[in-house]
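Reading through the structure tokens given below for one structure.
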Amino acid sequence: MPDVQDLTAKTVLLTGASGGIGSATASALLERGAHLIAHYSSDRDGAERACAQAPERVLLVQQDLSRAGASRRLWQEAVAWRDRVDVVVLNAAVSVQTPLDGGDEEWDAGWDRTLRVNVLEPASLMREAVNHYRQHGGGALITLSSWAAQRGSAIPQLGAYAASKAAVQALAQTIARNHAREGIFSYVVAPGIVQTPMSEISAIHRGGVDAVNAALAMGEMAQPDEVGRLIAFLASGAVKNLTGATLDVNGASNIR
């Protein structure tokens, strides 16, 4: 079995490395020796802080995933760095409000941005990775979904976000089913409420952080570093037969 603490032979592309789960994941991957392509959209300082422990093993790449074709440009820069990529972690996402009772312009713009950042660009990146893996003896995809993909969002304004997370999960599962024999493994991580700035902002709609914690089975949100450690474990390839699985990280608040 591969050493789950040793990623020195791995080159990992991580989208959304500048905050929350992305920062924790960058730290976990670098702690285990990985070479890391750390993508960010606008917060370069955040990405640099996340990767400060081993900058000599990091390539920072800026791309705005709200722009069509950004993932292809990101992929080209990533592969050019070390000639191959072993693992892609699809973490970058936006949570744009799309209220049913809002105006048409807000609705259309919210759905367009959500689908571009959360579905279309990740799908393009997954396509690039699969074609690359088929030529290089395999590799892994780790897709961040959400418990909202299974149960819908508890916040009515986040319907587009929930739908987008279901979409990328379905694509990840499709890749797992069809490419496992080629050594291409596809895992899904579905966090519940993780204590990130985004979650703390959305908690306002639920009565505040204390009210959210009170409704959770463990009485607390999951921590970003827990999710980061799980992603690093999956990146190791220690349990390949997890391919296609969705790993829930919600402290028993949503048991399937």
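Every chain in the structure tokens takes a letter, A first, then B, and so on in the order presented; its residues are numbered from 1, and the ligands are numbered from 1 following the presented order.
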Exercise for review: Fewer than 6 positions away in the same chain doesn't count, so skip those; otherwise give me all residues within 10 Å of Glu77 of chain A, counting only C-alpha atoms, as an MDAnalysis selection string.
Suggested key: chainID A and resid 37 59:62 71 83
Just write the chosen residues, N, CA and C atoms, as a PDB file, in the first residue's frame.
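Output below, filename out-v8.pdb:
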ATOM      1  N   ILE A  37       0.745  22.828  -8.212  1.00  0.00           N
ATOM      2  CA  ILE A  37       0.308  23.950  -9.033  1.00  0.00           C
ATOM      3  C   ILE A  37      -0.889  24.550  -8.320  1.00  0.00           C
ATOM      4  N   LEU A  59       4.051  26.204  -8.051  1.00  0.00           N
ATOM      5  CA  LEU A  59       3.832  27.099  -9.179  1.00  0.00           C
ATOM      6  C   LEU A  59       2.486  27.761  -8.971  1.00  0.00           C
ATOM      7  N   LEU A  60       2.480  29.077  -8.831  1.00  0.00           N
ATOM      8  CA  LEU A  60       1.234  29.829  -8.701  1.00  0.00           C
ATOM      9  C   LEU A  60       0.738  30.208 -10.087  1.00  0.00           C
ATOM     10  N   VAL A  61      -0.525  29.932 -10.345  1.00  0.00           N
ATOM     11  CA  VAL A  61      -1.099  30.236 -11.658  1.00  0.00           C
ATOM     12  C   VAL A  61      -2.416  30.974 -11.470  1.00  0.00           C
ATOM     13  N   GLN A  62      -2.532  32.117 -12.091  1.00  0.00           N
ATOM     14  CA  GLN A  62      -3.769  32.907 -12.033  1.00  0.00           C
ATOM     15  C   GLN A  62      -4.627  32.636 -13.265  1.00  0.00           C
ATOM     16  N   SER A  71      -9.842  27.209 -18.001  1.00  0.00           N
ATOM     17  CA  SER A  71      -9.306  25.928 -17.548  1.00  0.00           C
ATOM     18  C   SER A  71      -8.286  25.361 -18.524  1.00  0.00           C
ATOM     19  N   ASP A  83       5.921  18.685 -16.993  1.00  0.00           N
ATOM     20  CA  ASP A  83       5.613  17.760 -18.091  1.00  0.00           C
ATOM     21  C   ASP A  83       4.417  16.846 -17.842  1.00  0.00           C
TER      22      ASP A  83
END
Review point. So which residues of segment 116-183 of chain A fall under strand (DSSP E) by DSSP, listed as an MDAnalysis selection string?
Key: chainID A and resid 139:144
Keeping C-alpha atoms for every residue in the selection just given, could you write it to a file as a PDB file, in the first residue's frame?
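That gives us again-v4.pdb:
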ATOM      1  CA  GLY A 139      -3.942   9.612 -12.580  1.00  0.00           C
ATOM      2  CA  ALA A 140      -6.571  10.897 -10.182  1.00  0.00           C
ATOM      3  CA  LEU A 141      -9.337  13.468 -10.000  1.00  0.00           C
ATOM      4  CA  ILE A 142     -10.682  14.700  -6.669  1.00  0.00           C
ATOM      5  CA  THR A 143     -13.862  16.722  -7.080  1.00  0.00           C
ATOM      6  CA  LEU A 144     -15.336  18.886  -4.332  1.00  0.00           C
TER       7      LEU A 144
END
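With only C-alpha atoms as the atoms that count, the residue of A:Ala211, A:Ala238, A:Ile231, A:Val168 with the shortest distance to Ala26 of chain A is A:Ile231.
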Practice item. Can you work out the spacing between atom CA of Gln150 of chain A and atom CA of Tyr187 of chain A in Å, to one decimal? Key: 15.8 Å
Review point. Would you give me, as a count of residues only, the residues in segment 35-254 of chain A that DSSP reads as alpha helix (DSSP H)?
Key: 97
Check your understanding: Any idea what's packed within 12 Å of segment 158-167 of chain A, counting only C-alpha atoms, ignoring anything in its chain fewer than 5 positions away? Could you give it as JSON, numbers by chain?
Key -> {"A": [90, 91, 92, 93, 94, 95, 96, 97, 98, 99, 100, 106, 107, 108, 109, 110, 111, 112, 113, 114, 115, 116, 117, 118, 119, 120, 121, 122, 123, 143, 144, 145, 146, 147, 148, 149, 150, 151, 152, 153, 172, 173, 174, 188, 189, 190, 191, 192, 202, 205, 246]}
Check your understanding: Which polymer residues have any atom within 10 Å of an atom of Ser41 of chain A, counting only C-alpha atoms, with same-chain residues fewer than 6 positions away left out, as a count of residues only?
Key -> 12
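Excluding Asp86 of chain A and any residue on its chain fewer than 3 positions from it, the residues at most 6 Å away by only C-alpha atoms are Lys10, Thr11, Val12 and Gly139 of chain A.
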Point to revise | Near-Gln135 of chain A list (12 Å; only C-alpha atoms; drop same-chain fewer than 4 positions) as number ranges by chain | key: A: 84-86, 128-131, 139, 182-184
